[in-house]
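Chemist: Data: model_11.txt, compact mmCIF, C-alpha atoms and all ligand atoms.
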# COMPACT_ATOMS: atom_id res chain seq x y z
CA MET X 270 111.43 86.85 125.33
CA ASN X 271 108.73 86.26 127.89
CA LEU X 272 105.55 87.59 126.30
CA LYS X 273 102.54 87.27 128.59
CA GLN X 274 98.99 87.25 127.23
CA GLU X 275 95.78 87.95 129.08
CA LEU X 276 92.37 87.62 127.43
CA ILE X 277 89.93 90.43 128.25
CA TYR X 278 86.31 89.53 127.72
CA VAL X 279 84.38 92.38 126.11
CA PRO X 280 80.83 91.72 124.84
CA GLY X 281 80.51 92.50 121.12
CA TYR X 282 84.23 92.06 120.44
CA GLU X 283 85.77 88.94 118.93
CA GLN X 284 89.04 89.04 120.83
CA VAL X 285 90.74 91.55 123.10
CA VAL X 286 94.18 90.62 124.42
CA LYS X 287 96.58 92.39 126.76
CA PHE X 288 100.27 91.67 126.11
CA THR X 289 103.11 92.37 128.53
CA GLU X 290 106.84 91.82 128.18
CA GLU X 291 108.40 93.27 131.30
CA SER X 292 112.05 93.16 130.19
CA VAL X 293 111.35 95.67 127.38
CA GLY X 294 108.52 97.61 129.09
CA LEU X 295 105.80 96.46 126.69
CA VAL X 296 102.18 96.86 127.74
CA ALA X 297 99.91 96.60 124.71
CA ILE X 298 96.34 95.72 123.80
CA ILE X 299 95.21 94.27 120.48
CA ALA X 300 91.45 94.35 119.86
CA LEU X 301 89.72 92.45 117.07
CA HIS X 302 86.24 93.91 116.88
CA ASN X 303 84.88 92.12 113.85
CA THR X 304 86.70 90.03 111.23
CA LYS X 305 83.61 88.64 109.51
CA LEU X 306 84.51 90.37 106.23
CA GLY X 307 88.25 89.66 106.41
CA PRO X 308 91.38 90.10 108.57
CA GLY X 309 91.43 93.27 110.64
CA ILE X 310 93.81 95.99 109.47
CA GLY X 311 94.24 98.64 112.13
CA GLY X 312 96.91 101.10 113.17
CA THR X 313 99.01 100.79 116.31
CA ARG X 314 98.59 103.84 118.52
CA ILE X 315 101.62 104.45 120.74
CA TYR X 316 100.69 106.81 123.54
CA PRO X 317 101.46 107.32 127.25
CA TYR X 318 97.90 106.66 128.45
CA LYS X 319 97.51 107.64 132.10
CA THR X 320 95.71 104.41 133.01
CA PHE X 321 95.19 100.97 131.50
CA ASP X 322 91.43 101.59 131.38
CA GLU X 323 91.95 104.73 129.31
CA ALA X 324 94.00 102.68 126.81
CA LEU X 325 91.38 99.94 126.77
CA THR X 326 88.55 102.41 126.12
CA ASP X 327 90.51 103.92 123.25
CA VAL X 328 91.38 100.63 121.56
CA LEU X 329 87.78 99.38 121.83
CA ARG X 330 86.36 102.58 120.36
CA LEU X 331 88.94 102.70 117.57
CA SER X 332 88.69 99.03 116.59
CA LYS X 333 84.90 99.27 116.34
CA SER X 334 85.13 102.29 114.08
CA MET X 335 87.61 100.35 111.89
CA THR X 336 84.90 97.72 111.36
CA TYR X 337 82.63 100.43 109.97
CA LYS X 338 85.37 102.03 107.92
CA ALA X 339 86.30 98.68 106.35
CA GLY X 340 82.66 97.72 105.88
CA ILE X 341 81.69 100.94 104.12
CA THR X 342 84.59 100.61 101.66
CA GLN X 343 83.84 96.93 100.93
CA ILE X 344 87.49 95.97 100.58
CA GLY X 345 87.16 92.64 102.34
CA VAL X 346 88.90 93.45 105.60
CA GLY X 347 87.63 93.69 109.14
CA GLY X 348 87.96 96.00 112.12
CA SER X 349 90.81 95.94 114.62
CA LYS X 350 93.27 98.24 116.32
CA SER X 351 96.10 98.12 118.84
CA VAL X 352 97.62 100.41 121.43
CA ILE X 353 100.99 100.40 123.15
CA ILE X 354 101.13 102.27 126.45
CA THR X 355 104.45 104.09 126.52
CA ASP X 356 106.37 107.24 125.80
CA GLN X 357 109.62 105.26 125.54
CA LYS X 358 109.61 103.64 122.10
CA THR X 359 112.60 101.31 121.63
CA PRO X 360 113.41 98.75 118.92
CA ALA X 361 113.19 95.96 121.54
CA LEU X 362 109.70 97.08 122.57
CA LEU X 363 108.57 97.20 118.92
CA HIS X 364 110.04 93.75 118.30
CA ALA X 365 108.13 92.34 121.28
CA PHE X 366 104.99 93.93 119.89
CA GLY X 367 105.71 92.17 116.58
CA GLU X 368 105.64 88.86 118.47
CA ALA X 369 102.27 89.86 119.92
CA VAL X 370 100.92 90.57 116.42
CA ASN X 371 102.14 87.10 115.34
CA THR X 372 99.87 85.37 117.84
CA PHE X 373 96.86 86.30 115.68
CA ASN X 374 98.23 84.42 112.64
CA GLY X 375 97.28 87.18 110.22
CA GLN X 376 93.85 87.99 111.62
CA TYR X 377 95.38 91.25 112.87
CA VAL X 378 97.52 93.39 110.55
CA CYS X 379 99.20 96.42 112.12
CA ALA X 380 99.91 99.82 110.53
CA GLU X 381 100.99 103.34 111.48
CA ASP X 382 98.89 105.57 113.72
CA ILE X 383 99.41 108.40 116.19
CA GLY X 384 102.83 107.86 117.79
CA CYS X 385 103.72 105.06 115.37
CA THR X 386 105.49 106.04 112.16
CA PRO X 387 105.99 103.93 109.02
CA LYS X 388 109.61 103.52 110.25
CA ASP X 389 108.28 102.03 113.51
CA VAL X 390 106.12 99.62 111.52
CA GLU X 391 109.26 98.54 109.65
CA GLU X 392 110.86 97.81 113.04
CA ILE X 393 107.79 95.79 114.12
CA LEU X 394 107.98 93.89 110.83
CA LYS X 395 111.38 92.49 111.80
CA HIS X 396 109.41 90.15 114.10
CA THR X 397 106.17 89.61 112.20
CA LYS X 398 105.04 89.74 108.60
CA TYR X 399 101.59 91.07 109.40
CA GLY X 400 101.88 94.80 108.88
CA CYS X 401 101.50 97.44 106.19
CA GLY X 402 102.00 101.13 105.43
CA VAL X 403 105.80 101.00 105.07
CA TYR X 404 108.29 102.84 102.86
CA ASN X 405 110.10 99.94 101.21
CA LEU X 406 109.78 99.01 97.55
CA ARG X 407 106.52 97.13 97.99
CA GLY X 408 105.11 99.64 100.47
CA SER X 409 102.54 102.39 100.15
CA GLY X 410 104.15 104.74 102.72
CA ASN X 411 102.27 107.21 104.86
CA PRO X 412 98.52 106.97 104.15
CA ALA X 413 97.88 110.64 105.02
CA ALA X 414 97.90 111.80 101.38
CA PHE X 415 95.09 109.37 100.54
CA THR X 416 93.20 110.30 103.69
CA ALA X 417 93.45 113.99 102.81
CA TRP X 418 92.35 113.33 99.24
CA GLY X 419 89.30 111.38 100.43
CA THR X 420 88.48 114.18 102.87
CA LEU X 421 88.59 116.72 100.06
CA LEU X 422 86.18 114.53 98.06
CA ALA X 423 83.80 114.32 101.03
CA ILE X 424 83.91 118.13 101.36
CA GLN X 425 83.06 118.41 97.68
CA ALA X 426 80.20 115.93 98.13
CA VAL X 427 78.65 117.96 100.96
CA LEU X 428 78.89 121.12 98.84
CA GLN X 429 77.25 119.27 95.95
CA GLU X 430 74.44 118.22 98.28
CA LEU X 431 74.00 121.69 99.79
CA ASP X 432 74.57 123.95 96.80
CA GLY X 433 74.21 121.76 93.72
CA SER X 434 77.87 122.37 92.85
CA ASP X 435 80.94 120.68 94.26
CA SER X 436 83.25 123.61 93.66
CA VAL X 437 85.11 124.76 96.78
CA GLU X 438 85.97 128.10 95.19
CA GLY X 439 85.13 130.92 97.58
CA LYS X 440 83.77 128.48 100.18
CA ARG X 441 84.78 129.03 103.81
CA ILE X 442 86.42 125.89 105.13
CA ALA X 443 87.61 125.66 108.76
CA ILE X 444 90.25 123.01 109.47
CA GLN X 445 90.92 121.89 113.05
CA GLY X 446 94.41 120.32 113.16
CA ILE X 447 97.14 121.10 110.64
CA GLY X 448 99.03 117.82 110.93
CA ASN X 449 99.78 115.13 108.35
CA VAL X 450 96.26 115.19 106.93
CA GLY X 451 95.27 118.80 107.66
CA GLN X 452 98.35 120.19 105.90
CA ARG X 453 97.69 118.25 102.73
CA LEU X 454 94.01 119.10 102.83
CA ALA X 455 94.75 122.83 103.30
CA GLU X 456 97.04 122.77 100.29
CA SER X 457 94.47 121.05 98.02
CA LEU X 458 91.75 123.45 99.14
CA PHE X 459 93.99 126.48 98.60
CA TRP X 460 94.67 125.56 94.99
CA ARG X 461 90.96 125.12 94.40
CA GLY X 462 90.19 128.63 95.64
CA ALA X 463 88.75 127.96 99.10
CA LYS X 464 88.84 130.58 101.86
CA LEU X 465 90.63 128.86 104.73
CA PHE X 466 90.42 129.12 108.50
CA ILE X 467 93.02 127.00 110.27
CA SER X 468 93.80 126.06 113.84
CA ASP X 469 96.42 123.95 115.60
CA ILE X 470 97.80 123.80 119.12
CA ASP X 471 101.22 124.26 117.50
CA SER X 472 101.30 127.98 116.67
CA ASP X 473 104.42 127.65 114.49
CA VAL X 474 102.50 125.31 112.20
CA THR X 475 99.50 127.61 111.88
CA LYS X 476 101.75 130.63 111.17
CA ARG X 477 103.57 128.72 108.43
CA TYR X 478 100.39 127.48 106.75
CA ALA X 479 98.50 130.73 107.16
CA HIS X 480 101.37 132.45 105.36
CA ALA X 481 101.56 129.82 102.61
CA TYR X 482 97.83 129.58 101.91
CA GLY X 483 96.44 132.99 102.89
CA ALA X 484 94.51 131.34 105.70
CA LYS X 485 93.07 133.05 108.76
CA ILE X 486 94.43 131.67 112.04
CA VAL X 487 91.77 130.78 114.60
CA SER X 488 92.51 129.74 118.19
CA PRO X 489 91.96 126.08 119.18
CA GLU X 490 89.15 127.27 121.50
CA GLU X 491 87.26 128.98 118.66
CA ILE X 492 87.81 126.90 115.54
CA LEU X 493 84.73 124.68 116.00
CA PHE X 494 82.51 127.74 116.25
CA VAL X 495 83.71 129.72 113.22
CA GLU X 496 80.97 130.72 110.80
CA CYS X 497 81.81 128.67 107.71
CA ASP X 498 80.45 126.42 104.98
CA VAL X 499 82.33 123.29 106.05
CA LEU X 500 84.01 122.46 109.34
CA SER X 501 86.74 119.87 108.83
CA PRO X 502 87.89 118.25 112.10
CA CYS X 503 91.37 116.80 111.46
CA ALA X 504 92.71 116.51 115.01
CA MET X 505 90.90 114.82 117.88
CA GLY X 506 87.81 112.66 118.33
CA GLY X 507 84.74 113.41 120.47
CA ILE X 508 84.61 117.09 119.55
CA ILE X 509 81.04 116.99 118.24
CA ASN X 510 78.91 116.66 121.36
CA THR X 511 76.02 118.16 123.30
CA THR X 512 78.27 120.97 124.53
CA SER X 513 79.69 121.99 121.14
CA ILE X 514 76.68 121.40 118.87
CA PRO X 515 74.54 124.36 120.09
CA HIS X 516 77.43 126.73 119.24
CA LEU X 517 78.36 125.33 115.80
CA ARG X 518 77.96 127.86 112.97
CA CYS X 519 78.94 125.64 110.03
CA ARG X 520 76.59 124.33 107.33
CA ALA X 521 78.32 120.96 107.13
CA ILE X 522 81.00 118.80 108.75
CA ALA X 523 83.45 116.67 106.79
CA GLY X 524 86.82 115.86 108.33
CA ALA X 525 89.43 113.17 108.80
CA ALA X 526 89.43 112.78 112.59
CA ASN X 527 88.28 109.40 113.87
CA ASN X 528 85.21 109.23 116.11
CA GLN X 529 84.23 112.88 115.76
CA LEU X 530 80.88 112.29 117.46
CA LEU X 531 81.14 111.77 121.20
CA HIS X 532 77.94 109.71 121.05
CA TYR X 533 76.04 108.32 118.05
CA THR X 534 73.00 110.35 119.16
CA ASP X 535 74.94 113.55 118.47
CA ALA X 536 74.30 112.84 114.79
CA ASP X 537 70.55 113.30 115.47
CA LEU X 538 71.27 116.68 117.06
CA LEU X 539 73.23 117.74 113.97
CA LYS X 540 70.30 116.63 111.79
CA GLU X 541 67.87 118.67 113.90
CA LYS X 542 70.13 121.69 113.63
CA GLY X 543 70.30 121.28 109.82
CA ILE X 544 74.04 120.59 109.73
CA LEU X 545 74.98 118.07 107.07
CA TYR X 546 77.43 115.50 108.49
CA ALA X 547 79.65 113.33 106.30
CA PRO X 548 80.27 110.18 108.40
CA ASP X 549 83.90 110.26 109.55
CA PHE X 550 84.60 106.58 108.87
CA LEU X 551 83.69 107.11 105.22
CA THR X 552 85.37 110.53 104.84
CA ASN X 553 88.70 109.26 106.22
CA SER X 554 88.71 105.80 104.58
CA GLY X 555 91.30 106.78 101.91
CA GLY X 556 94.20 105.81 104.18
CA LEU X 557 92.80 102.33 104.81
CA ILE X 558 92.08 101.87 101.10
CA ASN X 559 95.70 102.76 100.35
CA VAL X 560 97.35 100.37 102.84
CA TYR X 561 94.96 97.62 101.77
CA HIS X 562 96.39 97.87 98.24
CA GLU X 563 99.83 97.19 99.68
CA ILE X 564 98.93 93.68 100.80
CA LEU X 565 97.08 92.58 97.67
CA LEU X 566 98.59 89.58 95.90
CA GLU X 567 99.19 91.65 92.77
CA GLY X 568 101.30 94.19 94.70
CA TYR X 569 100.79 97.87 95.47
CA ASN X 570 99.38 99.98 92.67
CA ALA X 571 98.91 103.67 93.50
CA THR X 572 96.62 104.27 90.53
CA LYS X 573 94.22 101.56 91.66
CA ALA X 574 94.32 102.90 95.22
CA ARG X 575 93.47 106.37 93.90
CA THR X 576 90.60 105.07 91.77
CA MET X 577 89.05 103.32 94.74
CA THR X 578 89.58 106.37 96.98
CA ASN X 579 87.81 108.49 94.36
CA GLY X 580 84.70 106.41 95.14
CA ILE X 581 84.35 108.31 98.45
CA TYR X 582 82.65 111.17 96.59
CA ALA X 583 79.81 109.05 95.17
CA GLN X 584 79.52 106.97 98.35
CA THR X 585 79.08 110.09 100.47
CA LEU X 586 76.29 111.30 98.20
CA SER X 587 74.61 107.90 98.29
CA ILE X 588 74.70 107.90 102.12
CA PHE X 589 72.99 111.32 102.09
CA GLU X 590 70.30 109.87 99.82
CA LEU X 591 69.86 106.77 101.98
CA ALA X 592 69.52 108.97 105.08
CA GLN X 593 66.94 111.16 103.43
CA GLN X 594 64.88 108.23 102.12
CA ASN X 595 64.75 106.63 105.56
CA ASN X 596 64.59 109.80 107.64
CA LEU X 597 67.79 108.85 109.45
CA SER X 598 70.83 110.86 110.42
CA THR X 599 73.60 110.42 107.86
CA HIS X 600 75.68 108.66 110.51
CA GLN X 601 72.90 106.20 111.31
CA ALA X 602 72.33 105.54 107.59
CA ALA X 603 76.00 104.62 107.14
CA ILE X 604 76.01 102.45 110.28
CA SER X 605 72.85 100.61 109.18
CA LEU X 606 74.33 99.94 105.75
CA VAL X 607 77.48 98.37 107.24
CA ASP X 608 75.47 96.38 109.82
CA HIS X 609 73.46 94.91 106.94
CA ARG X 610 76.67 93.99 105.10
CA LEU X 611 78.13 92.39 108.25
CA GLU X 612 74.99 90.40 108.88
CA HIS X 613 74.93 89.00 105.33
CA GLY X 614 78.70 88.77 104.72
CA ILE X 615 78.50 91.31 101.88
CA GLY X 616 81.95 92.47 100.86
CA LYS X 617 83.69 89.28 102.05
CA PRO X 618 86.52 88.26 99.69
CA ALA X 619 86.08 85.18 97.51
CA GLU X 620 87.32 81.87 98.96
CA GLU X 621 90.53 81.79 96.89
CA PHE X 622 91.35 85.42 97.65
CA CYS X 623 94.20 86.05 100.03
CA PHE X 624 96.70 88.73 100.96
CA ARG X 625 100.45 88.54 100.65
CA PHE X 626 102.73 89.12 103.58
CA PHE X 627 106.51 89.24 103.60
CA ASN X 628 109.09 89.61 106.32
CA VAL X 629 111.00 92.86 105.98
CA SER X 630 114.23 90.83 106.05
CA GLU X 631 113.11 89.10 102.82
CA GLU X 632 112.26 92.42 101.25
CA ALA X 633 113.90 94.88 98.94
CA LYS X 634 115.95 97.61 100.56
CA VAL X 635 114.02 100.31 102.41
CA ILE X 636 113.91 103.31 100.08
CA ASP X 637 113.19 106.15 102.47
P1 LIG P 1 98.64 114.40 113.19
O1 LIG P 1 98.99 113.98 114.56
O2 LIG P 1 99.70 114.47 112.15
O3 LIG P 1 97.93 115.84 113.21
C1 LIG P 1 96.99 116.22 114.16
C2 LIG P 1 97.20 117.71 114.39
O4 LIG P 1 96.17 118.20 115.24
C3 LIG P 1 98.52 118.05 115.07
O5 LIG P 1 99.21 119.05 114.32
C4 LIG P 1 98.10 118.56 116.45
O6 LIG P 1 98.97 119.56 116.94
C5 LIG P 1 96.72 119.12 116.15
N1 LIG P 1 95.83 119.24 117.30
C6 LIG P 1 95.69 118.42 118.37
N2 LIG P 1 94.75 118.88 119.20
C7 LIG P 1 94.26 120.01 118.63
C8 LIG P 1 93.24 120.93 118.99
N3 LIG P 1 92.55 120.80 120.12
N4 LIG P 1 92.99 121.98 118.17
C9 LIG P 1 93.70 122.14 117.03
N5 LIG P 1 94.67 121.29 116.63
C10 LIG P 1 94.94 120.24 117.42
O7 LIG P 1 97.45 113.42 112.74
P2 LIG P 1 96.96 113.15 111.26
O8 LIG P 1 97.66 111.99 110.69
O9 LIG P 1 96.95 114.43 110.50
O10 LIG P 1 95.46 112.68 111.53
C11 LIG P 1 94.47 113.64 111.87
C12 LIG P 1 93.23 112.91 112.35
O11 LIG P 1 92.75 112.06 111.30
C13 LIG P 1 93.45 112.00 113.56
O12 LIG P 1 92.28 112.00 114.34
C14 LIG P 1 93.63 110.63 112.94
O13 LIG P 1 93.26 109.60 113.82
C15 LIG P 1 92.67 110.71 111.77
N6 LIG P 1 93.02 109.82 110.67
C16 LIG P 1 94.25 109.93 110.08
C17 LIG P 1 94.59 109.08 109.05
C18 LIG P 1 95.90 109.21 108.34
O14 LIG P 1 96.05 108.62 107.25
N7 LIG P 1 96.86 109.95 108.87
C19 LIG P 1 93.65 108.03 108.59
C20 LIG P 1 92.36 108.07 109.23
C21 LIG P 1 92.08 108.92 110.26
In structure tokens, what does this structure look like?
Ligand code: NAI
Modeler:
Amino acid sequence: MNLKQELIYVPGYEQVVKFTEESVGLVAIIALHNTKLGPGIGGTRIYPYKTFDEALTDVLRLSKSMTYKAGITQIGVGGSKSVIITDQKTPALLHAFGEAVNTFNGQYVCAEDIGCTPKDVEEILKHTKYGCGVYNLRGSGNPAAFTAWGTLLAIQAVLQELDGSDSVEGKRIAIQGIGNVGQRLAESLFWRGAKLFISDIDSDVTKRYAHAYGAKIVSPEEILFVECDVLSPCAMGGIINTTSIPHLRCRAIAGAANNQLLHYTDADLLKEKGILYAPDFLTNSGGLINVYHEILLEGYNATKARTMTNGIYAQTLSIFELAQQNNLSTHQAAISLVDHRLEHGIGKPAEEFCFRFFNVSEEAKVID
């Protein structure tokens, strides 16, 4: 193996490294944004980016938002992310990426993300021990169920704030993206009596879920602009921006998609328009909370992961209160809170605290 490394200097980031291994077609970037509160856990996005710069922009944006997600949950981990530029995933490429992960000696811990399944993480873990979100006997599996559960709690928190009741019964909820998270969210909302509007670029998916949950199908072009109580973006980032905001007809936004705001200042525009925004990095933190429990010394415990995820409801309400007290947008209130914690090391694990990592080869048989 001939793994080449190239440091990329980016102000405000601890370490950004490009890795190439020509014989297996690996071109990857690992970005550590901030590990002041602990090692960075961040998914590996595998995607055929058109240019290297596009991949770099994505990994920088995503790793920074992981710092805020980790900081808001106070679980003692930091912010990082990685991308692999390819549409040709092979075991050899994933193994080479595992070697790249190893070079950080545990300061970077990989996990699943778009294009990278828990099975792929298991392949990566044949060459490094620093990964999580797998399906073996110590694993926590796909984090989407926890992400969807946290998103439901954030939706309930915005309804509590707006209407003084967190019941979703009869509320109009519009979900953009019926994928891993959106499907689970739609199901939970259906059983709680919500009136659903759903949209996906895959029309087979929307037909199936509209049938199962009595939802109204809305085209991808229109879903953001549906008149509803809560808009729940569960697909792409950057969709809340100066172009879309004037046309929004929701009372609140609470969804799982990362980086929903194109620019931080878009949160001020939402505030001016009277749309309550649940910060995305808090709303979708359930998945991170779940994989974090996988690498605790005591071993994965789903009940503990659920209890901590349940905290998203109260945290969302406390962010709304902080924003109101300081006349800030809800997004800015959440950012300021995490910046304060980073500055003072609040949420850093105790000295003796450490995570456990195992090689997959030393592990119990994969169960899925
Ligand atoms: P996914 O890839 O399973 O689902 C996304 C869905 O959105 C797909 O069905 C896709 O067809 C659809 N989609 C794409 N563009 C669309 C558009 N313009 N209009 C309507 N639908 C569109 O992804 P997953 O796992 O459900 O994640 C959803 C979002 O939540 C992503 O932004 C992801 O980064 C974020 N997230 C997911 C976590 C997880 O645990 N899966 C954790 C934290 C964040």
Chemist: Hey, which bits of chain X sit within 8 Å of ligand LIG 1 (chain P), and for each residue what's the closest pair of atoms and how far apart in Å (one decimal), counting all atoms listed in the file, rows by chain and increasing number, as CSV?
Modeler:
residue,atom,partner,partner_atom,distance
X:Asp382,CA,P:LIG1,N7,6.8
X:Ile383,CA,P:LIG1,O1,5.8
X:Gly384,CA,P:LIG1,O1,7.9
X:Asn411,CA,P:LIG1,O14,6.8
X:Pro412,CA,P:LIG1,O14,4.3
X:Ala413,CA,P:LIG1,O14,3.5
X:Ala414,CA,P:LIG1,O14,6.9
X:Phe415,CA,P:LIG1,O14,6.8
X:Thr416,CA,P:LIG1,O14,4.9
X:Ala417,CA,P:LIG1,O14,7.4
X:Gln445,CA,P:LIG1,C9,4.9
X:Gly446,CA,P:LIG1,O4,3.5
X:Ile447,CA,P:LIG1,O5,4.7
X:Gly448,CA,P:LIG1,O3,3.2
X:Asn449,CA,P:LIG1,O9,3.6
X:Val450,CA,P:LIG1,O9,3.7
X:Gly451,CA,P:LIG1,O9,5.5
X:Gln452,CA,P:LIG1,O9,7.5
X:Ser468,CA,P:LIG1,C9,5.1
X:Asp469,CA,P:LIG1,N5,3.3
X:Ile470,CA,P:LIG1,N5,4.7
X:Asp471,CA,P:LIG1,O6,5.2
X:Val474,CA,P:LIG1,O5,7.4
X:Ser488,CA,P:LIG1,N4,7.8
X:Pro489,CA,P:LIG1,N4,4.3
X:Glu490,CA,P:LIG1,N4,7.3
X:Ile492,CA,P:LIG1,N4,7.6
X:Pro502,CA,P:LIG1,C12,7.6
X:Cys503,CA,P:LIG1,C12,4.4
X:Ala504,CA,P:LIG1,O4,3.9
X:Met505,CA,P:LIG1,O12,4.7
X:Gly506,CA,P:LIG1,O12,6.0
X:Gly524,CA,P:LIG1,O11,7.6
X:Ala525,CA,P:LIG1,O11,4.3
X:Ala526,CA,P:LIG1,O12,3.4
X:Asn527,CA,P:LIG1,O12,4.8
X:Asn528,CA,P:LIG1,O12,7.8
X:Phe550,CA,P:LIG1,C20,7.9
X:Asn553,CA,P:LIG1,C20,4.9
X:Ser554,CA,P:LIG1,C20,6.3
X:Gly555,CA,P:LIG1,C19,7.2
X:Gly556,CA,P:LIG1,O14,4.6
X:Leu557,CA,P:LIG1,C19,6.9
Chemist: Which residues, written as a VMD selection string, have at least one atom at most 10 Å from stretch 296-301 of chain X, with all atoms listed in the file counted and residues fewer than 5 positions away on the same chain left out?
Modeler: chain X and resid 272 to 277 279 282 to 291 308 to 311 313 to 315 321 324 to 325 328 to 333 335 to 336 347 to 355 362 365 to 366 369 to 370 373 376 to 377 379
Chemist: For X:Gly367, list every protein, DNA or RNA residue within 6 Å, evaluated using only C-alpha atoms, and leave out those in the same chain fewer than 4 positions away; present the list as a compact mmCIF listing (two decimals) with C-alpha atoms, in the frame of the given file.
Modeler:
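Okay, this is what ended up in part_14.txt:
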# COMPACT_ATOMS: atom_id res chain seq x y z
CA ILE X 393 107.79 95.79 114.12
CA HIS X 396 109.41 90.15 114.10
CA THR X 397 106.17 89.61 112.20
Chemist: What separation in Å, quoted to one decimal, exists between atom CA of X:Cys401 and atom CA of X:Pro360?
Modeler: 17.5 Å
Chemist: Quick one: residues within 7 Å of X:Val390, all atoms listed in the file counted, chain neighbours fewer than 4 positions away excluded, as an MDAnalysis selection string?
Modeler: chainID X and resid 380:381 386 394 400 403
Chemist: Interatomic distance between atom CA of X:Asp432 and atom CA of X:Asp498?
Modeler: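 Result for atom CA of X:Asp432 versus atom CA of X:Asp498: 10.4 Å, one decimal.
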Chemist: Looking at X:Gln429, X:Thr534, X:Gln357, X:Asn371, which one is nearest to X:Pro317, with distances taken over all atoms listed in the file?
Modeler: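 Of X:Gln429, X:Thr534, X:Gln357, X:Asn371, the one nearest X:Pro317 is X:Gln357, counting all atoms listed in the file.
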Chemist: So how far away is atom CA of X:Gly580 from atom CA of X:Leu597, in Å?
Modeler: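 Distance reported for this atom pair: 22.3 Å.
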Chemist: For X:Leu421, work out the shell of residues within 10 Å, counting only C-alpha atoms and skipping chain neighbours fewer than 5 positions away, then give it as a ChimeraX atom specification.
Modeler: /X:415-416,426,437,453-455,457-458,501,523-525,552-553,581-582
Chemist: Could you tell me which of X:Gln425, X:Thr359, X:Ser605, X:Ser472 comes closest to X:Ile522 if we count all atoms listed in the file?
Modeler: X:Gln425
Chemist: I'd like to know which of X:Asn559, X:Thr576, X:Gln594, X:Gln529 is closest to X:Ser334, using all atoms listed in the file.
Modeler: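 Closest to X:Ser334 of all the choices is X:Gln529.
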Chemist: Might you pull out every residue within 12 Å of X:Glu590, with all atoms listed in the file counted and same-chain residues fewer than 3 positions away left off, and present them as a list in words?
Modeler: Ala426, Val427, Glu430, Leu545, Ala547, Ala583, Gln584, Thr585, Leu586, Ser587, Gln593, Gln594, Asn595, Asn596, Leu597, Ser598, Thr599, Ala602 and Ala603 of chain X
Chemist: Determine the nearest neighbour of X:His516 from the options X:Ala536, X:Val487, X:Ile467, X:Ile544, counting all atoms listed in the file.
Modeler: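 Between X:Ala536, X:Val487, X:Ile467, X:Ile544, the residue approaching X:His516 most closely is X:Ile544.
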